[in-house]
Amino acid sequence: MHDKTLTELAAGLAAGEFSSRELTANLLARIDRLDGDLNSFITVTPEQALAAADAADAARARGEAGPLAGLPLALKDIFCTTGVKTSAGSKMLDNFVAPYDATVVEKLQAAGTVSLGKTNMDEFAMGSSNENSFYGPVKNPWDGAAVPGGSSGGSAAAVAAGLVPAAMGTDTGGSIRQPAAFCGITGLKPTYGRVSRYGIIAYASSLDQAGPMARTAADCAHLLGAIAGHDLRDSTSVARGVPDYTAELDAPLAGLKIGLPKEYFGEGLDADVEQAVREAIRVYESLGATVREVSLPHTHYAIPAYYVIAPAEASSNLARYDGVRFGHRCDAPADLTDLYQRSRAEGFGEEVKRRILMGTHTLSEGFFDAYYKKAQQVRRLIRQDFLDAFDEVDVLMGPASPTPAFDLGAKKDPVSMYLQDIYTIAINLAGIPGISVPAGIVGGRPVGLQILGTHFAEARLLNVAHQFQQATDWHLRRPALAEESL
């Protein structure tokens, strides 16, 4: 059962080939056996999972089961989940048990899905390799010496290894798409505001967005339909109807206009990755699409703008973790100042401290106009670049990352790590949707094709991705670990 897609499992449940309890128990056993080395989960919740599976089976017996009822998945450990530790990968929240559910969790529970647990991640979603977790790094199922990407690396690794058919991630600067590319799965970052951020532990509030990670675009379409929609508890949630994202999956691509941003095919792009991406684009041409070069002239400003805006927002969001109301508290503080200083020093990891310091400096008197305000002006130019491009083409395509997954410990210097997000960060600054789909293997490690659309064009992106997966088999490739049976 572990080798089936979410869509195939839904069909099996509906046909009575197996029960949700049988499916859930099988996957829990795989997690118990295989995750010790992968480290993709922080918390596994077998009792809650089996209870939810039984409830889904009972609903199906009554004829009340929806299309997702009884399907197992995992949640990145940044989604608040009632009664379950929600750590954001940090020592600061190692003892925090959420008293309420995030909207995404509520919606998935209402759909009857079964959560198997919470997946590992870079601390407070700050990282591109999943090496910044308090709970240790996650390993890539394709190669244990490689990173799975970040910050949603635990979710990506768990899906790739066949521990769960799907998982939820969050994407602030590529944290769904880059690990999806590194682990050979499909990952969708929706339009900013398409999915409620309520109950998601905040990193950068104007950039964070939740989305699905699964084996196929069809799986992601089903999941996005369940989690999308307006939420009055989130002021950034958009009041817009939710379409049936599965309705147009099989629409033909004849006449599709694809733009290739010339800035995504220049210096720094691995030659083998470029070849894999260009071969994927030739598949689209064979399906009736036309291709032309376009320009996103402000792309080279995306990383500096992001690393002004995101740390500034993180500095503000993480100010609440002071050892007073919740989270880590130092032992025997001498006074209030000592409580603040030692609790934060002990609770936060090095990368989080670095970004807090960067953000606090950026927002300080005398630097706000020079840095933060200027970065927001650049952000507007980046957004306009995309809008201008979408006046000419339907979608943009390019690599999700300049290289395949790199080795654990290979990126010692923070700047070289930040540059791994060169093709993903601008999308968050512009607020547009993007999806990464498996498109090749280089040196035994997967390569992702990134497909971008204009605001609220998720249905089109999923259609474009699905048609590619109907014509290729990259999404069917599995690491050796995923082939292991119990």
# chains A, B, ... in the order shown; residues from 1 in each chain; ligands from 1
$ residues_around --residues "Arg445 in chain A" --least-positions-apart "2" --cutoff "7 Å" --atoms "only C-alpha atoms" --output "list in words"
Trp142, Pro404, Ala405, Ile441, Val442, Gly443 and Val447 of chain A
$ residues_around --residues "Arg278 in chain A" --least-positions-apart "5" --cutoff "9 Å" --atoms "only C-alpha atoms" --output "ChimeraX atom specification"
/A:273,283,398
$ select_by_dssp --residues "range 221-445 of chain A" --states "alpha helix (DSSP H)" --output "ChimeraX atom specification"
/A:221-227,271-286,302-317,336-347,350-363,374-390,414-418,425-430
$ closest_residue --among "A:Arg379, A:His328, A:Lys76, A:Arg197" --to "Tyr307 in chain A" --atoms "only C-alpha atoms"
A:Arg379
$ closest_residue --among "A:Ile451, A:Gly241, A:Thr82, A:Phe18" --to "Ile258 in chain A" --atoms "only C-alpha atoms"
A:Ile451
$ closest_residue --among "A:Phe367, A:Tyr418, A:Phe456, A:Tyr284" --to "Pro190 in chain A" --atoms "only C-alpha atoms"
A:Phe456
$ closest_atom_pairs --of "range 237-333 of chain A" --to "range 96-115 of chain A" --cutoff "12 Å" --atoms "only C-alpha atoms" --output "JSON lines"
{"residue": "A:Ser237", "atom": "CA", "partner": "A:Thr103", "partner_atom": "CA", "distance": 11.1}
{"residue": "A:Tyr321", "atom": "CA", "partner": "A:Phe96", "partner_atom": "CA", "distance": 11.5}
{"residue": "A:Gly323", "atom": "CA", "partner": "A:Phe96", "partner_atom": "CA", "distance": 11.9}
{"residue": "A:Arg325", "atom": "CA", "partner": "A:Phe96", "partner_atom": "CA", "distance": 10.7}
{"residue": "A:Phe326", "atom": "CA", "partner": "A:Phe96", "partner_atom": "CA", "distance": 7.0}
{"residue": "A:Gly327", "atom": "CA", "partner": "A:Phe96", "partner_atom": "CA", "distance": 6.0}
{"residue": "A:His328", "atom": "CA", "partner": "A:Phe96", "partner_atom": "CA", "distance": 8.6}
{"residue": "A:Arg329", "atom": "CA", "partner": "A:Phe96", "partner_atom": "CA", "distance": 11.6}
$ write_last_selection --atoms "N, CA and C atoms" --output "PDB file, in the first residue's frame"
ATOM      1  N   SER A 237      -6.078  36.315   4.555  1.00  0.00           N
ATOM      2  CA  SER A 237      -6.790  35.313   3.762  1.00  0.00           C
ATOM      3  C   SER A 237      -7.708  36.017   2.762  1.00  0.00           C
ATOM      4  N   TYR A 321       8.767  35.161  22.016  1.00  0.00           N
ATOM      5  CA  TYR A 321       9.396  34.028  22.713  1.00  0.00           C
ATOM      6  C   TYR A 321      10.447  34.565  23.676  1.00  0.00           C
ATOM      7  N   GLY A 323      10.462  33.534  27.255  1.00  0.00           N
ATOM      8  CA  GLY A 323      10.563  32.763  28.486  1.00  0.00           C
ATOM      9  C   GLY A 323       9.507  33.083  29.515  1.00  0.00           C
ATOM     10  N   ARG A 325       5.604  33.426  28.983  1.00  0.00           N
ATOM     11  CA  ARG A 325       4.300  32.759  28.931  1.00  0.00           C
ATOM     12  C   ARG A 325       4.369  31.318  28.433  1.00  0.00           C
ATOM     13  N   PHE A 326       5.206  31.047  27.479  1.00  0.00           N
ATOM     14  CA  PHE A 326       5.309  29.687  26.945  1.00  0.00           C
ATOM     15  C   PHE A 326       6.681  29.531  26.315  1.00  0.00           C
ATOM     16  N   GLY A 327       7.020  28.287  26.034  1.00  0.00           N
ATOM     17  CA  GLY A 327       8.311  28.031  25.423  1.00  0.00           C
ATOM     18  C   GLY A 327       9.411  27.865  26.458  1.00  0.00           C
ATOM     19  N   HIS A 328      10.639  27.764  25.973  1.00  0.00           N
ATOM     20  CA  HIS A 328      11.794  27.514  26.844  1.00  0.00           C
ATOM     21  C   HIS A 328      12.001  28.657  27.841  1.00  0.00           C
ATOM     22  N   ARG A 329      12.293  28.274  29.092  1.00  0.00           N
ATOM     23  CA  ARG A 329      12.646  29.263  30.116  1.00  0.00           C
ATOM     24  C   ARG A 329      13.945  28.819  30.785  1.00  0.00           C
TER      25      ARG A 329
END
$ atom_distance --atom1 "CA of Gly225 in chain A" --atom2 "CA of Asn26 in chain A"
26.4 Å
$ residues_around --residues "Ser436 in chain A" --least-positions-apart "4" --cutoff "7 Å" --atoms "only C-alpha atoms" --output "VMD selection string"
chain A and resid 177 180 to 181 186 to 188 400 448 to 451
$ write_last_selection --atoms "C-alpha atoms" --output "mmCIF file, in the first residue's frame"
data_model
loop_
_atom_site.group_PDB
_atom_site.id
_atom_site.type_symbol
_atom_site.label_atom_id
_atom_site.label_comp_id
_atom_site.auth_asym_id
_atom_site.auth_seq_id
_atom_site.Cartn_x
_atom_site.Cartn_y
_atom_site.Cartn_z
ATOM 1 C CA ARG A 177 9.302 23.585 -3.865
ATOM 2 C CA ALA A 180 10.132 18.621 -3.304
ATOM 3 C CA ALA A 181 12.745 18.968 -6.057
ATOM 4 C CA THR A 186 5.539 17.223 -6.252
ATOM 5 C CA GLY A 187 5.167 20.353 -4.099
ATOM 6 C CA LEU A 188 2.768 23.268 -4.552
ATOM 7 C CA ALA A 400 13.551 24.716 -8.919
ATOM 8 C CA GLY A 448 12.754 19.491 -10.097
ATOM 9 C CA LEU A 449 11.045 21.529 -12.820
ATOM 10 C CA GLN A 450 9.439 24.681 -11.411
ATOM 11 C CA ILE A 451 6.247 25.938 -13.054
#
$ closest_residue --among "A:Ala228, A:Thr81, A:Arg62, A:Gly162" --to "Leu28 in chain A" --atoms "only C-alpha atoms"
A:Gly162
$ closest_residue --among "A:Val464, A:Val195, A:Cys220, A:Ile281" --to "Leu249 in chain A" --atoms "only C-alpha atoms"
A:Val464
$ closest_residue --among "A:Glu458, A:Asp338, A:Glu263, A:Asp35" --to "Asp385 in chain A" --atoms "only C-alpha atoms"
A:Glu263
$ residues_around --residues "Lys4 in chain A" --least-positions-apart "2" --cutoff "10 Å" --atoms "only C-alpha atoms" --output "JSON, numbers by chain"
{"A": [1, 2, 6, 7, 8, 9, 10, 12, 162, 164, 165, 215, 476]}
$ residues_around --residues "His455 in chain A" --least-positions-apart "6" --cutoff "8 Å" --atoms "only C-alpha atoms" --output "number ranges by chain"
A: 191, 431-433
$ decode --residues "range 327-411 of chain A" --atoms "C-alpha atoms" --output "PDB file, in the first residue's frame"
ATOM      1  CA  GLY A 327       8.311  28.031  25.423  1.00  0.00           C
ATOM      2  CA  HIS A 328      11.794  27.514  26.844  1.00  0.00           C
ATOM      3  CA  ARG A 329      12.646  29.263  30.116  1.00  0.00           C
ATOM      4  CA  CYS A 330      16.165  29.389  31.525  1.00  0.00           C
ATOM      5  CA  ASP A 331      16.871  28.020  34.999  1.00  0.00           C
ATOM      6  CA  ALA A 332      16.974  30.342  38.023  1.00  0.00           C
ATOM      7  CA  PRO A 333      16.991  33.734  36.297  1.00  0.00           C
ATOM      8  CA  ALA A 334      18.495  36.511  38.389  1.00  0.00           C
ATOM      9  CA  ASP A 335      16.005  39.106  37.129  1.00  0.00           C
ATOM     10  CA  LEU A 336      13.709  39.843  34.208  1.00  0.00           C
ATOM     11  CA  THR A 337      16.536  40.919  31.919  1.00  0.00           C
ATOM     12  CA  ASP A 338      18.451  37.741  32.682  1.00  0.00           C
ATOM     13  CA  LEU A 339      15.281  35.714  31.988  1.00  0.00           C
ATOM     14  CA  TYR A 340      14.882  37.299  28.565  1.00  0.00           C
ATOM     15  CA  GLN A 341      18.508  37.065  27.585  1.00  0.00           C
ATOM     16  CA  ARG A 342      19.260  33.505  28.658  1.00  0.00           C
ATOM     17  CA  SER A 343      15.910  32.045  27.600  1.00  0.00           C
ATOM     18  CA  ARG A 344      16.346  33.412  24.080  1.00  0.00           C
ATOM     19  CA  ALA A 345      20.037  32.574  23.908  1.00  0.00           C
ATOM     20  CA  GLU A 346      19.406  28.985  24.997  1.00  0.00           C
ATOM     21  CA  GLY A 347      16.150  28.469  23.082  1.00  0.00           C
ATOM     22  CA  PHE A 348      17.111  29.724  19.628  1.00  0.00           C
ATOM     23  CA  GLY A 349      19.620  28.100  17.269  1.00  0.00           C
ATOM     24  CA  GLU A 350      22.402  29.920  15.450  1.00  0.00           C
ATOM     25  CA  GLU A 351      20.566  30.575  12.172  1.00  0.00           C
ATOM     26  CA  VAL A 352      17.500  31.929  13.968  1.00  0.00           C
ATOM     27  CA  LYS A 353      19.680  34.219  16.083  1.00  0.00           C
ATOM     28  CA  ARG A 354      21.445  35.424  12.949  1.00  0.00           C
ATOM     29  CA  ARG A 355      18.178  36.344  11.255  1.00  0.00           C
ATOM     30  CA  ILE A 356      16.738  38.005  14.361  1.00  0.00           C
ATOM     31  CA  LEU A 357      19.840  40.173  14.621  1.00  0.00           C
ATOM     32  CA  MET A 358      19.703  41.029  10.914  1.00  0.00           C
ATOM     33  CA  GLY A 359      16.030  41.926  11.165  1.00  0.00           C
ATOM     34  CA  THR A 360      16.376  43.974  14.331  1.00  0.00           C
ATOM     35  CA  HIS A 361      19.209  45.958  12.747  1.00  0.00           C
ATOM     36  CA  THR A 362      17.170  46.538   9.587  1.00  0.00           C
ATOM     37  CA  LEU A 363      14.205  47.885  11.567  1.00  0.00           C
ATOM     38  CA  SER A 364      16.262  50.094  13.865  1.00  0.00           C
ATOM     39  CA  GLU A 365      16.219  53.879  13.692  1.00  0.00           C
ATOM     40  CA  GLY A 366      18.377  55.190  10.895  1.00  0.00           C
ATOM     41  CA  PHE A 367      18.286  51.959   8.895  1.00  0.00           C
ATOM     42  CA  PHE A 368      14.570  51.401   8.248  1.00  0.00           C
ATOM     43  CA  ASP A 369      14.380  53.709   5.212  1.00  0.00           C
ATOM     44  CA  ALA A 370      17.748  52.652   3.855  1.00  0.00           C
ATOM     45  CA  TYR A 371      17.029  48.927   3.984  1.00  0.00           C
ATOM     46  CA  TYR A 372      13.486  47.795   4.769  1.00  0.00           C
ATOM     47  CA  LYS A 373      11.645  50.488   2.837  1.00  0.00           C
ATOM     48  CA  LYS A 374      13.986  50.098  -0.128  1.00  0.00           C
ATOM     49  CA  ALA A 375      13.549  46.311  -0.110  1.00  0.00           C
ATOM     50  CA  GLN A 376       9.771  46.731  -0.227  1.00  0.00           C
ATOM     51  CA  GLN A 377      10.133  49.028  -3.222  1.00  0.00           C
ATOM     52  CA  VAL A 378      12.261  46.393  -4.955  1.00  0.00           C
ATOM     53  CA  ARG A 379       9.639  43.806  -4.072  1.00  0.00           C
ATOM     54  CA  ARG A 380       7.074  45.823  -6.009  1.00  0.00           C
ATOM     55  CA  LEU A 381       9.358  45.853  -9.060  1.00  0.00           C
ATOM     56  CA  ILE A 382       9.827  42.077  -8.839  1.00  0.00           C
ATOM     57  CA  ARG A 383       6.069  41.573  -8.668  1.00  0.00           C
ATOM     58  CA  GLN A 384       5.605  43.794 -11.723  1.00  0.00           C
ATOM     59  CA  ASP A 385       8.185  41.763 -13.642  1.00  0.00           C
ATOM     60  CA  PHE A 386       6.005  38.683 -13.212  1.00  0.00           C
ATOM     61  CA  LEU A 387       2.799  40.507 -14.132  1.00  0.00           C
ATOM     62  CA  ASP A 388       4.441  41.833 -17.302  1.00  0.00           C
ATOM     63  CA  ALA A 389       5.648  38.346 -18.205  1.00  0.00           C
ATOM     64  CA  PHE A 390       2.175  36.862 -17.717  1.00  0.00           C
ATOM     65  CA  ASP A 391       0.809  39.406 -20.192  1.00  0.00           C
ATOM     66  CA  GLU A 392       2.859  37.522 -22.798  1.00  0.00           C
ATOM     67  CA  VAL A 393       2.771  33.874 -21.651  1.00  0.00           C
ATOM     68  CA  ASP A 394       0.536  31.518 -19.678  1.00  0.00           C
ATOM     69  CA  VAL A 395       3.181  29.992 -17.405  1.00  0.00           C
ATOM     70  CA  LEU A 396       6.873  30.346 -16.661  1.00  0.00           C
ATOM     71  CA  MET A 397       9.221  27.385 -16.354  1.00  0.00           C
ATOM     72  CA  GLY A 398      12.715  26.827 -15.075  1.00  0.00           C
ATOM     73  CA  PRO A 399      14.739  24.885 -12.513  1.00  0.00           C
ATOM     74  CA  ALA A 400      13.551  24.716  -8.919  1.00  0.00           C
ATOM     75  CA  SER A 401      17.155  24.766  -7.673  1.00  0.00           C
ATOM     76  CA  PRO A 402      20.519  25.442  -9.341  1.00  0.00           C
ATOM     77  CA  THR A 403      21.855  22.018  -8.322  1.00  0.00           C
ATOM     78  CA  PRO A 404      20.554  18.642  -7.171  1.00  0.00           C
ATOM     79  CA  ALA A 405      20.576  18.014  -3.418  1.00  0.00           C
ATOM     80  CA  PHE A 406      23.959  18.848  -1.923  1.00  0.00           C
ATOM     81  CA  ASP A 407      25.753  16.852   0.763  1.00  0.00           C
ATOM     82  CA  LEU A 408      25.003  17.249   4.453  1.00  0.00           C
ATOM     83  CA  GLY A 409      27.457  19.762   5.896  1.00  0.00           C
ATOM     84  CA  ALA A 410      28.562  21.005   2.463  1.00  0.00           C
ATOM     85  CA  LYS A 411      27.291  24.584   2.846  1.00  0.00           C
TER      86      LYS A 411
END
